[in-house]
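First comes the structure, then the notes that go with it.
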Amino acid sequence: MTTQPERTPDAVRVALAHIAPHRLGEMERHKEQALTAAIADGKIGHLQHWLTYWHAQVEIERRPDLSTRHHRALAAVHGTDNRDDPAFRSGMTELTTVEAEAQRAVSA
């Protein structure tokens with residue numbers, strides 16, 4: 001397992017490039033959306049949220065326990081036909097739990 005990166009855009013980007021390079025495009029698109037929103041309403045909070053979100057995503061990707069749970073939950077969600085399916089609800093609950101655990105880890 002790699003170490004948790006510093007909470008800076010460059011450190012988070014480098015860590016993601018190392019452990020999940022396939023997600024770099026997603027990160028960049030999200031950054032552009034956050035930057036556009038920050039410019040439009042003059043609030044830096046959009047960029048802070050972006051960094052916090054991606055710091056947590058790196059935490060999920062770097063930790064096999066969280067990554068496995070995250071991928072299984074995504075598969076459960078995407079394997080359902082509608083939101084009323086118990087597997088969808090269960091998968092969404094697990095996604096929320098994994099993301100909250102990652103957020104706590106990077107906030108500590």
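By order in the structure tokens, chains are A, B, ...; within a chain, residues start at 1; ligands start at 1, following the order shown.
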**Prompt:** Could you pull out the alpha helix (DSSP H) residues of segment 8-93 of chain A from DSSP and send them as an MDAnalysis selection string?
**Reply:** chainID A and resid 9:19 24:41 45:62 64:78 86:93
Judged by only C-alpha atoms, the minimum distance to His46 of chain A among A:His30, A:Arg13, A:Arg72, A:His78 is found for A:His30
Exercise. Using only C-alpha atoms, which residues sit within 10 Å of segment 49-51 of chain A once same-chain residues fewer than 6 positions away are excluded, as a list in words?
Worked result: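 The neighbour list is Arg7, Thr8, Pro9, Val12, Arg13, Met27, His30, Lys31, Glu32, Gln33, Ala34, Leu35 and Gln57 of chain A.
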In Å and to one decimal, atom CA of Thr96 of chain A is distant from atom CA of Asp81 of chain A by 19.7 Å
Q: Considering only C-alpha atoms, state which residue in the set A:Ala11, A:Leu16, A:Ala56, A:Leu24 is at the smallest distance from Ala108 of chain A.
A: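 Of all the options, A:Ala56 lies closest to Ala108 of chain A.
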Find the distance between atom CA of Ala17 of chain A and atom CA of Ile60 of chain A and write it in Å to one decimal.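 We find that atom CA of Ala17 of chain A and atom CA of Ile60 of chain A lie 13.8 Å from each other.
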When you look at Phe88 of chain A with a cut-off of 8 Å (counting only C-alpha atoms), what residues show up, excluding the ones that are within fewer than 3 positions of it in the same chain? I need them as a PDB file with C-alpha atoms, in the first residue's frame.
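Final output, result_38.pdb:
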ATOM      1  CA  ALA A  76     -23.829  -4.202  -7.600  1.00  0.00           C
ATOM      2  CA  VAL A  77     -25.240  -0.783  -8.487  1.00  0.00           C
ATOM      3  CA  HIS A  78     -24.483  -1.115 -12.191  1.00  0.00           C
ATOM      4  CA  GLY A  79     -25.796  -4.673 -12.247  1.00  0.00           C
ATOM      5  CA  THR A  80     -29.328  -3.616 -11.384  1.00  0.00           C
ATOM      6  CA  ASN A  82     -33.711   0.079 -11.345  1.00  0.00           C
ATOM      7  CA  ARG A  83     -33.306   1.944  -8.091  1.00  0.00           C
ATOM      8  CA  ASP A  84     -35.985  -0.130  -6.366  1.00  0.00           C
ATOM      9  CA  ASP A  85     -33.846  -3.251  -6.630  1.00  0.00           C
ATOM     10  CA  GLY A  91     -24.674  -1.115  -3.243  1.00  0.00           C
ATOM     11  CA  MET A  92     -25.414   2.582  -2.756  1.00  0.00           C
TER      12      MET A  92
END
- Message: Using only C-alpha atoms, which protein or nucleic acid residues come within 9 Å of Val106 of chain A? Drop anything in the same chain fewer than 5 positions from it, and give the result as a ChimeraX atom specification.
- Response: /A:4,7,52,55-56,59,101
- Task: Using only C-alpha atoms, find the one residue out of A:Lys43, A:Arg89, A:Arg62, A:Arg69 that sits nearest to Pro21 of chain A.
- Result: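 So, comparing all the options, the nearest one is A:Arg62.
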Subject >> Closest of A:Ile44, A:His71, A:Asp10, A:Ala87 to Glu28 of chain A - atom-to-atom distances counting only C-alpha atoms >> reply: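 Between A:Ile44, A:His71, A:Asp10, A:Ala87, the residue approaching Glu28 of chain A most closely is A:Asp10.
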